[in-house]
>>> print(open('final_30.pdb').read())   # PDB, C-alpha atoms, pLDDT in the B column
ATOM      1  CA  MET A   1       0.000   0.000   0.000  1.00 57.00           C
ATOM      2  CA  LEU A   2       2.763   2.398   1.002  1.00 48.00           C
ATOM      3  CA  LYS A   3       4.833   1.410  -2.026  1.00 57.00           C
ATOM      4  CA  GLN A   4       1.858   2.079  -4.323  1.00 56.00           C
ATOM      5  CA  LEU A   5       1.369   5.472  -2.697  1.00 49.00           C
ATOM      6  CA  VAL A   6       5.052   6.356  -3.225  1.00 49.00           C
ATOM      7  CA  ASN A   7       4.878   5.216  -6.862  1.00 58.00           C
ATOM      8  CA  ASP A   8       1.763   7.323  -7.441  1.00 54.00           C
ATOM      9  CA  LEU A   9       3.501  10.305  -5.879  1.00 56.00           C
ATOM     10  CA  HIS A  10       6.542   9.816  -8.163  1.00 61.00           C
ATOM     11  CA  VAL A  11       4.310   9.485 -11.227  1.00 66.00           C
ATOM     12  CA  SER A  12       2.481  12.662 -10.227  1.00 77.00           C
ATOM     13  CA  LYS A  13       5.771  14.580  -9.842  1.00 80.00           C
ATOM     14  CA  VAL A  14       7.097  13.308 -13.182  1.00 81.00           C
ATOM     15  CA  ASP A  15       3.828  14.230 -14.908  1.00 85.00           C
ATOM     16  CA  GLY A  16       4.029  17.684 -13.339  1.00 86.00           C
ATOM     17  CA  LEU A  17       7.581  18.124 -14.628  1.00 87.00           C
ATOM     18  CA  ALA A  18       6.593  16.928 -18.107  1.00 89.00           C
ATOM     19  CA  LYS A  19       3.690  19.390 -18.219  1.00 91.00           C
ATOM     20  CA  THR A  20       5.986  22.171 -17.011  1.00 92.00           C
ATOM     21  CA  PHE A  21       8.359  21.474 -19.905  1.00 93.00           C
ATOM     22  CA  GLN A  22       5.502  21.434 -22.393  1.00 93.00           C
ATOM     23  CA  ARG A  23       3.859  24.635 -21.120  1.00 94.00           C
ATOM     24  CA  THR A  24       7.107  26.543 -20.571  1.00 94.00           C
ATOM     25  CA  GLY A  25       8.509  25.405 -23.914  1.00 93.00           C
ATOM     26  CA  ARG A  26       5.450  26.579 -25.834  1.00 94.00           C
ATOM     27  CA  ALA A  27       5.119  29.835 -23.881  1.00 94.00           C
ATOM     28  CA  GLY A  28       8.834  30.611 -24.186  1.00 93.00           C
ATOM     29  CA  PHE A  29       8.877  29.815 -27.892  1.00 94.00           C
ATOM     30  CA  TRP A  30       5.912  32.034 -28.781  1.00 94.00           C
ATOM     31  CA  LEU A  31       6.882  34.894 -26.487  1.00 92.00           C
ATOM     32  CA  GLN A  32      10.368  34.961 -28.004  1.00 91.00           C
ATOM     33  CA  VAL A  33       8.957  34.790 -31.534  1.00 91.00           C
ATOM     34  CA  VAL A  34       6.675  37.762 -30.800  1.00 90.00           C
ATOM     35  CA  MET A  35       9.374  39.766 -29.006  1.00 87.00           C
ATOM     36  CA  GLY A  36      11.904  38.903 -31.697  1.00 83.00           C
ATOM     37  CA  ALA A  37       9.469  39.981 -34.428  1.00 85.00           C
ATOM     38  CA  PHE A  38       9.054  43.468 -32.926  1.00 82.00           C
ATOM     39  CA  PRO A  39      12.640  44.546 -33.760  1.00 77.00           C
ATOM     40  CA  VAL A  40      12.219  43.278 -37.322  1.00 76.00           C
ATOM     41  CA  LEU A  41       8.922  45.157 -37.719  1.00 81.00           C
ATOM     42  CA  LEU A  42      10.434  48.263 -36.136  1.00 77.00           C
ATOM     43  CA  MET A  43      13.397  48.253 -38.516  1.00 72.00           C
ATOM     44  CA  LEU A  44      11.076  47.645 -41.503  1.00 77.00           C
ATOM     45  CA  TYR A  45       9.032  50.657 -40.398  1.00 75.00           C
ATOM     46  CA  VAL A  46      12.204  52.747 -40.164  1.00 69.00           C
ATOM     47  CA  PHE A  47      13.367  51.525 -43.578  1.00 70.00           C
ATOM     48  CA  THR A  48       9.976  52.341 -45.123  1.00 76.00           C
ATOM     49  CA  PHE A  49      10.067  55.956 -43.984  1.00 68.00           C
ATOM     50  CA  SER A  50      13.802  56.683 -44.114  1.00 62.00           C
ATOM     51  CA  GLY A  51      14.904  54.467 -47.006  1.00 60.00           C
ATOM     52  CA  SER A  52      17.831  53.138 -44.975  1.00 55.00           C
ATOM     53  CA  LEU A  53      18.389  50.889 -41.980  1.00 51.00           C
ATOM     54  CA  THR A  54      21.422  52.917 -40.950  1.00 54.00           C
ATOM     55  CA  GLY A  55      21.332  56.510 -39.856  1.00 51.00           C
ATOM     56  CA  PRO A  56      23.721  59.274 -40.847  1.00 50.00           C
ATOM     57  CA  ARG A  57      25.986  58.448 -37.907  1.00 52.00           C
ATOM     58  CA  GLN A  58      28.914  56.190 -38.749  1.00 56.00           C
ATOM     59  CA  GLY A  59      28.776  53.168 -36.426  1.00 59.00           C
ATOM     60  CA  LEU A  60      31.649  50.981 -35.326  1.00 67.00           C
ATOM     61  CA  PRO A  61      32.164  47.825 -37.440  1.00 72.00           C
ATOM     62  CA  ILE A  62      32.306  45.606 -34.329  1.00 79.00           C
ATOM     63  CA  VAL A  63      28.688  46.537 -33.550  1.00 77.00           C
ATOM     64  CA  SER A  64      27.536  44.868 -36.779  1.00 77.00           C
ATOM     65  CA  TYR A  65      29.371  41.658 -35.904  1.00 83.00           C
ATOM     66  CA  LEU A  66      28.094  41.603 -32.315  1.00 82.00           C
ATOM     67  CA  THR A  67      24.537  42.285 -33.485  1.00 80.00           C
ATOM     68  CA  ALA A  68      24.709  39.457 -36.041  1.00 82.00           C
ATOM     69  CA  ILE A  69      26.013  37.022 -33.390  1.00 88.00           C
ATOM     70  CA  ASN A  70      23.315  38.207 -31.003  1.00 86.00           C
ATOM     71  CA  LEU A  71      20.536  37.599 -33.538  1.00 84.00           C
ATOM     72  CA  LEU A  72      21.915  34.133 -34.329  1.00 89.00           C
ATOM     73  CA  LEU A  73      21.919  33.327 -30.611  1.00 90.00           C
ATOM     74  CA  LEU A  74      18.309  34.492 -30.334  1.00 89.00           C
ATOM     75  CA  VAL A  75      17.300  32.237 -33.240  1.00 91.00           C
ATOM     76  CA  PHE A  76      19.142  29.326 -31.578  1.00 95.00           C
ATOM     77  CA  VAL A  77      17.377  29.905 -28.233  1.00 94.00           C
ATOM     78  CA  VAL A  78      13.979  30.113 -29.959  1.00 93.00           C
ATOM     79  CA  PHE A  79      14.744  26.797 -31.693  1.00 94.00           C
ATOM     80  CA  TRP A  80      15.907  25.335 -28.364  1.00 94.00           C
ATOM     81  CA  PHE A  81      12.607  26.246 -26.700  1.00 95.00           C
ATOM     82  CA  TRP A  82      10.799  24.518 -29.565  1.00 95.00           C
ATOM     83  CA  ARG A  83      12.439  21.282 -28.348  1.00 94.00           C
ATOM     84  CA  TYR A  84      11.196  21.527 -24.748  1.00 95.00           C
ATOM     85  CA  PRO A  85       7.616  20.249 -25.351  1.00 94.00           C
ATOM     86  CA  ALA A  86       9.032  17.118 -27.043  1.00 93.00           C
ATOM     87  CA  LEU A  87      11.400  16.673 -24.104  1.00 93.00           C
ATOM     88  CA  GLY A  88       8.423  16.968 -21.763  1.00 91.00           C
ATOM     89  CA  ARG A  89       6.657  14.145 -23.620  1.00 91.00           C
ATOM     90  CA  LYS A  90       9.767  11.965 -23.252  1.00 92.00           C
ATOM     91  CA  ILE A  91       9.912  12.703 -19.527  1.00 88.00           C
ATOM     92  CA  SER A  92       6.279  11.627 -19.050  1.00 86.00           C
ATOM     93  CA  ASP A  93       6.970   8.213 -20.616  1.00 86.00           C
ATOM     94  CA  ALA A  94       8.928   5.874 -18.334  1.00 81.00           C
ATOM     95  CA  ALA A  95      10.339   4.004 -21.353  1.00 86.00           C
ATOM     96  CA  THR A  96      11.880   7.109 -22.945  1.00 87.00           C
ATOM     97  CA  ARG A  97      12.537   9.194 -19.810  1.00 86.00           C
ATOM     98  CA  PRO A  98      16.041  10.715 -20.033  1.00 89.00           C
ATOM     99  CA  SER A  99      18.353  10.855 -17.049  1.00 87.00           C
ATOM    100  CA  GLU A 100      18.640  13.944 -14.876  1.00 86.00           C
ATOM    101  CA  SER A 101      22.056  14.752 -16.343  1.00 90.00           C
ATOM    102  CA  ALA A 102      20.689  14.613 -19.912  1.00 91.00           C
ATOM    103  CA  VAL A 103      17.781  16.912 -19.040  1.00 92.00           C
ATOM    104  CA  THR A 104      19.935  19.392 -17.113  1.00 93.00           C
ATOM    105  CA  ARG A 105      22.509  19.374 -19.931  1.00 94.00           C
ATOM    106  CA  THR A 106      19.751  20.332 -22.385  1.00 94.00           C
ATOM    107  CA  ILE A 107      18.572  23.145 -20.100  1.00 95.00           C
ATOM    108  CA  TRP A 108      22.118  24.403 -19.520  1.00 96.00           C
ATOM    109  CA  THR A 109      22.696  24.614 -23.272  1.00 96.00           C
ATOM    110  CA  GLY A 110      19.723  26.950 -23.594  1.00 94.00           C
ATOM    111  CA  LEU A 111      20.777  28.922 -20.500  1.00 95.00           C
ATOM    112  CA  ILE A 112      24.327  29.441 -21.794  1.00 96.00           C
ATOM    113  CA  ALA A 113      23.042  30.550 -25.205  1.00 95.00           C
ATOM    114  CA  SER A 114      20.551  33.026 -23.708  1.00 94.00           C
ATOM    115  CA  SER A 115      23.186  34.326 -21.258  1.00 95.00           C
ATOM    116  CA  LEU A 116      25.618  34.918 -24.110  1.00 94.00           C
ATOM    117  CA  GLY A 117      22.838  36.722 -25.984  1.00 92.00           C
ATOM    118  CA  ILE A 118      22.296  38.974 -22.960  1.00 93.00           C
ATOM    119  CA  LEU A 119      26.031  39.679 -22.797  1.00 93.00           C
ATOM    120  CA  PHE A 120      26.213  40.610 -26.502  1.00 91.00           C
ATOM    121  CA  SER A 121      23.084  42.778 -26.246  1.00 90.00           C
ATOM    122  CA  ILE A 122      24.537  44.672 -23.298  1.00 91.00           C
ATOM    123  CA  LEU A 123      27.882  45.118 -25.083  1.00 91.00           C
ATOM    124  CA  VAL A 124      26.209  46.478 -28.221  1.00 88.00           C
ATOM    125  CA  MET A 125      24.016  48.835 -26.195  1.00 88.00           C
ATOM    126  CA  LEU A 126      26.981  50.094 -24.171  1.00 89.00           C
ATOM    127  CA  ILE A 127      28.998  50.764 -27.330  1.00 87.00           C
ATOM    128  CA  GLU A 128      26.099  52.473 -29.100  1.00 84.00           C
ATOM    129  CA  VAL A 129      25.036  54.588 -26.126  1.00 84.00           C
ATOM    130  CA  SER A 130      28.654  55.563 -25.405  1.00 85.00           C
ATOM    131  CA  GLN A 131      29.115  56.672 -29.002  1.00 81.00           C
ATOM    132  CA  MET A 132      25.882  58.697 -28.958  1.00 78.00           C
ATOM    133  CA  LEU A 133      26.853  60.254 -25.634  1.00 79.00           C
ATOM    134  CA  PHE A 134      30.149  61.301 -27.204  1.00 79.00           C
ATOM    135  CA  TYR A 135      28.248  62.976 -30.055  1.00 73.00           C
ATOM    136  CA  PHE A 136      25.948  64.783 -27.650  1.00 72.00           C
ATOM    137  CA  LEU A 137      28.805  65.931 -25.402  1.00 74.00           C
ATOM    138  CA  ALA A 138      30.714  67.280 -28.402  1.00 71.00           C
ATOM    139  CA  ALA A 139      27.658  69.250 -29.600  1.00 65.00           C
ATOM    140  CA  PRO A 140      26.701  72.657 -28.248  1.00 61.00           C
ATOM    141  CA  GLN A 141      24.877  72.440 -24.934  1.00 60.00           C
ATOM    142  CA  GLY A 142      21.721  73.779 -26.567  1.00 54.00           C
ATOM    143  CA  GLY A 143      21.278  70.386 -28.265  1.00 53.00           C
ATOM    144  CA  VAL A 144      22.100  68.591 -31.476  1.00 51.00           C
ATOM    145  CA  PRO A 145      21.025  70.434 -34.647  1.00 53.00           C
ATOM    146  CA  THR A 146      18.487  68.567 -36.748  1.00 49.00           C
ATOM    147  CA  ILE A 147      20.157  69.642 -40.003  1.00 48.00           C
ATOM    148  CA  GLN A 148      23.909  69.592 -40.201  1.00 49.00           C
ATOM    149  CA  THR A 149      25.520  70.660 -43.445  1.00 48.00           C
ATOM    150  CA  THR A 150      29.061  71.416 -42.342  1.00 49.00           C
ATOM    151  CA  PRO A 151      31.602  68.789 -41.332  1.00 50.00           C
ATOM    152  CA  THR A 152      32.416  68.612 -37.648  1.00 50.00           C
ATOM    153  CA  SER A 153      35.262  67.156 -35.686  1.00 48.00           C
ATOM    154  CA  LEU A 154      33.072  64.023 -35.515  1.00 48.00           C
ATOM    155  CA  GLY A 155      33.149  63.509 -39.267  1.00 49.00           C
ATOM    156  CA  GLY A 156      29.944  65.318 -40.203  1.00 47.00           C
ATOM    157  CA  SER A 157      27.482  62.776 -38.858  1.00 55.00           C
ATOM    158  CA  TRP A 158      24.799  63.116 -36.200  1.00 59.00           C
ATOM    159  CA  VAL A 159      22.425  61.127 -34.098  1.00 60.00           C
ATOM    160  CA  SER A 160      19.084  60.372 -35.758  1.00 65.00           C
ATOM    161  CA  ALA A 161      15.808  58.584 -35.054  1.00 66.00           C
ATOM    162  CA  VAL A 162      17.266  55.454 -36.696  1.00 68.00           C
ATOM    163  CA  ASP A 163      19.824  55.231 -33.891  1.00 71.00           C
ATOM    164  CA  PHE A 164      17.096  55.253 -31.271  1.00 74.00           C
ATOM    165  CA  ALA A 165      14.998  52.741 -33.221  1.00 75.00           C
ATOM    166  CA  SER A 166      18.063  50.496 -33.317  1.00 76.00           C
ATOM    167  CA  LEU A 167      18.463  50.796 -29.550  1.00 80.00           C
ATOM    168  CA  MET A 168      14.775  50.033 -29.061  1.00 81.00           C
ATOM    169  CA  ALA A 169      15.176  46.897 -31.171  1.00 81.00           C
ATOM    170  CA  LEU A 170      18.149  45.869 -29.017  1.00 83.00           C
ATOM    171  CA  VAL A 171      16.143  46.383 -25.831  1.00 87.00           C
ATOM    172  CA  LEU A 172      13.387  44.116 -27.190  1.00 86.00           C
ATOM    173  CA  VAL A 173      15.918  41.424 -28.127  1.00 87.00           C
ATOM    174  CA  LEU A 174      17.463  41.740 -24.652  1.00 89.00           C
ATOM    175  CA  ALA A 175      14.008  41.346 -23.077  1.00 90.00           C
ATOM    176  CA  ALA A 176      13.444  38.124 -25.065  1.00 90.00           C
ATOM    177  CA  GLU A 177      16.820  36.774 -23.928  1.00 92.00           C
ATOM    178  CA  VAL A 178      16.155  37.649 -20.276  1.00 93.00           C
ATOM    179  CA  LEU A 179      12.771  35.927 -20.529  1.00 93.00           C
ATOM    180  CA  ALA A 180      14.440  32.811 -21.979  1.00 93.00           C
ATOM    181  CA  THR A 181      16.951  32.812 -19.108  1.00 94.00           C
ATOM    182  CA  ILE A 182      14.196  33.091 -16.484  1.00 95.00           C
ATOM    183  CA  PHE A 183      12.245  30.235 -18.074  1.00 95.00           C
ATOM    184  CA  GLY A 184      15.421  28.144 -18.312  1.00 94.00           C
ATOM    185  CA  LEU A 185      16.233  28.690 -14.638  1.00 95.00           C
ATOM    186  CA  TRP A 186      12.670  27.704 -13.710  1.00 94.00           C
ATOM    187  CA  LEU A 187      12.987  24.472 -15.726  1.00 93.00           C
ATOM    188  CA  LEU A 188      16.355  23.735 -14.138  1.00 93.00           C
ATOM    189  CA  PHE A 189      14.911  24.204 -10.657  1.00 93.00           C
ATOM    190  CA  ARG A 190      11.902  21.985 -11.380  1.00 91.00           C
ATOM    191  CA  THR A 191      14.103  19.283 -12.952  1.00 91.00           C
ATOM    192  CA  THR A 192      16.588  19.035 -10.089  1.00 90.00           C
ATOM    193  CA  HIS A 193      13.786  19.175  -7.495  1.00 85.00           C
ATOM    194  CA  THR A 194      11.753  16.422  -9.206  1.00 84.00           C
ATOM    195  CA  TYR A 195      14.658  14.073  -9.914  1.00 81.00           C
ATOM    196  CA  GLU A 196      15.982  14.464  -6.358  1.00 80.00           C
ATOM    197  CA  SER A 197      12.576  13.500  -4.963  1.00 75.00           C
ATOM    198  CA  LEU A 198      12.541  10.420  -7.223  1.00 70.00           C
ATOM    199  CA  GLU A 199      15.851   9.262  -5.767  1.00 67.00           C
ATOM    200  CA  ASP A 200      14.618   9.566  -2.160  1.00 60.00           C
TER     201      ASP A 200
END
>>> encode(input="final_30.pdb", output="structure tokens")
Amino acid sequence: MLKQLVNDLHVSKVDGLAKTFQRTGRAGFWLQVVMGAFPVLLMLYVFTFSGSLTGPRQGLPIVSYLTAINLLLLVFVVFWFWRYPALGRKISDAATRPSESAVTRTIWTGLIASSLGILFSILVMLIEVSQMLFYFLAAPQGGVPTIQTTPTSLGGSWVSAVDFASLMALVLVLAAEVLATIFGLWLLFRTTHTYESLED
């Protein structure tokens, strides 16, 4: 009787973990798709009205590389979350249930990718904001002129709405990556807690 009760309790915990993977995987996937689509739509809007995705200000080449890596990491994390519902179905089946180390390794892969994405987003934002701050500090204290026809010591470029749209897109990508990290930490906690209770 007691053994049956313990087995039922274990089955209930495993089912709960499997459902957590399925729900969190679907929610994380769609939230990241929506939040990742906003920057694309924002930049398309900017391109439609300005005719260019880059403003008049000359950016640093490293920003382009970091942004490309960051977007690739976001795509990878979105794909990784797509795998979580299938992993949840494997966990619910005793015949295909992976070990704790296999499940935690899968979660850690997603966590490392989303953490790297956060790091690259922060680096890009720091570089971009620092460069814009330099432009603003070099301008007269009355503000930055909206039309600038003469070259300046900064090379004749100025901060535009495209620069701020780019930063807004980065903030949205960063929000998606932070969300993925929070979901990943929640899955890691639930996995270790459930598997430890199964061993007791």
>>> atom_distance(input="final_30.pdb", atom1="atom CA of A:Leu119", atom2="atom CA of A:Val63")
13.0 Å
>>> residues_around(input="final_30.pdb", residues="A:Ala86", least_positions_apart="3", cutoff="9 Å", atoms="only C-alpha atoms", output="list in words")
Phe21, Gln22, Gly25, Trp82, Arg83, Arg89, Lys90 and Ile91 of chain A
>>> closest_residue(input="final_30.pdb", among="A:Asp15, A:Phe47, A:Ile62, A:Val77", to="A:Ile118", atoms="only C-alpha atoms")
A:Val77
>>> closest_residue(input="final_30.pdb", among="A:Ser114, A:Leu17, A:Thr96, A:Arg23", to="A:Ala175", atoms="only C-alpha atoms")
A:Ser114
>>> resolve_selection(input="final_30.pdb", expression="the PyMOL selection byres ((chain A and resi 78) around 10)", output="short mmCIF file (atom, residue, chain, number, x, y, z; two decimals) with C-alpha atoms, keeping the file's coordinate frame")
data_model
loop_
_atom_site.label_atom_id
_atom_site.label_comp_id
_atom_site.auth_asym_id
_atom_site.auth_seq_id
_atom_site.Cartn_x
_atom_site.Cartn_y
_atom_site.Cartn_z
CA GLY A 25 8.51 25.40 -23.91
CA GLY A 28 8.83 30.61 -24.19
CA PHE A 29 8.88 29.82 -27.89
CA TRP A 30 5.91 32.03 -28.78
CA LEU A 31 6.88 34.89 -26.49
CA GLN A 32 10.37 34.96 -28.00
CA VAL A 33 8.96 34.79 -31.53
CA GLY A 36 11.90 38.90 -31.70
CA LEU A 72 21.92 34.13 -34.33
CA LEU A 73 21.92 33.33 -30.61
CA LEU A 74 18.31 34.49 -30.33
CA VAL A 75 17.30 32.24 -33.24
CA PHE A 76 19.14 29.33 -31.58
CA VAL A 77 17.38 29.90 -28.23
CA PHE A 79 14.74 26.80 -31.69
CA TRP A 80 15.91 25.34 -28.36
CA PHE A 81 12.61 26.25 -26.70
CA TRP A 82 10.80 24.52 -29.56
CA ARG A 83 12.44 21.28 -28.35
CA GLY A 110 19.72 26.95 -23.59
CA SER A 114 20.55 33.03 -23.71
CA ALA A 176 13.44 38.12 -25.06
CA GLU A 177 16.82 36.77 -23.93
CA ALA A 180 14.44 32.81 -21.98
#
>>> atom_distance(input="final_30.pdb", atom1="atom CA of A:Leu111", atom2="atom CA of A:Thr181")
5.6 Å
>>> atom_distance(input="final_30.pdb", atom1="atom CA of A:Thr48", atom2="atom CA of A:Val124")
24.2 Å
>>> resolve_selection(input="final_30.pdb", expression="the PyMOL selection byres ((chain A and resi 125-128) around 10)", output="list of chain:residue names")
A:Gly59, A:Leu60, A:Ile62, A:Val63, A:Thr67, A:Leu119, A:Phe120, A:Ser121, A:Ile122, A:Leu123, A:Val124, A:Val129, A:Ser130, A:Gln131, A:Met132, A:Leu133, A:Phe134, A:Asp163, A:Phe164, A:Ser166, A:Leu167, A:Met168, A:Leu170, A:Val171, A:Leu174
>>> closest_residue(input="final_30.pdb", among="A:Ala138, A:Val34, A:Ala18, A:Leu87", to="A:Thr106", atoms="all atoms listed in the file")
A:Leu87
>>> closest_residue(input="final_30.pdb", among="A:Gly184, A:Gly16, A:Pro85, A:Pro39", to="A:Leu71", atoms="all atoms listed in the file")
A:Pro39
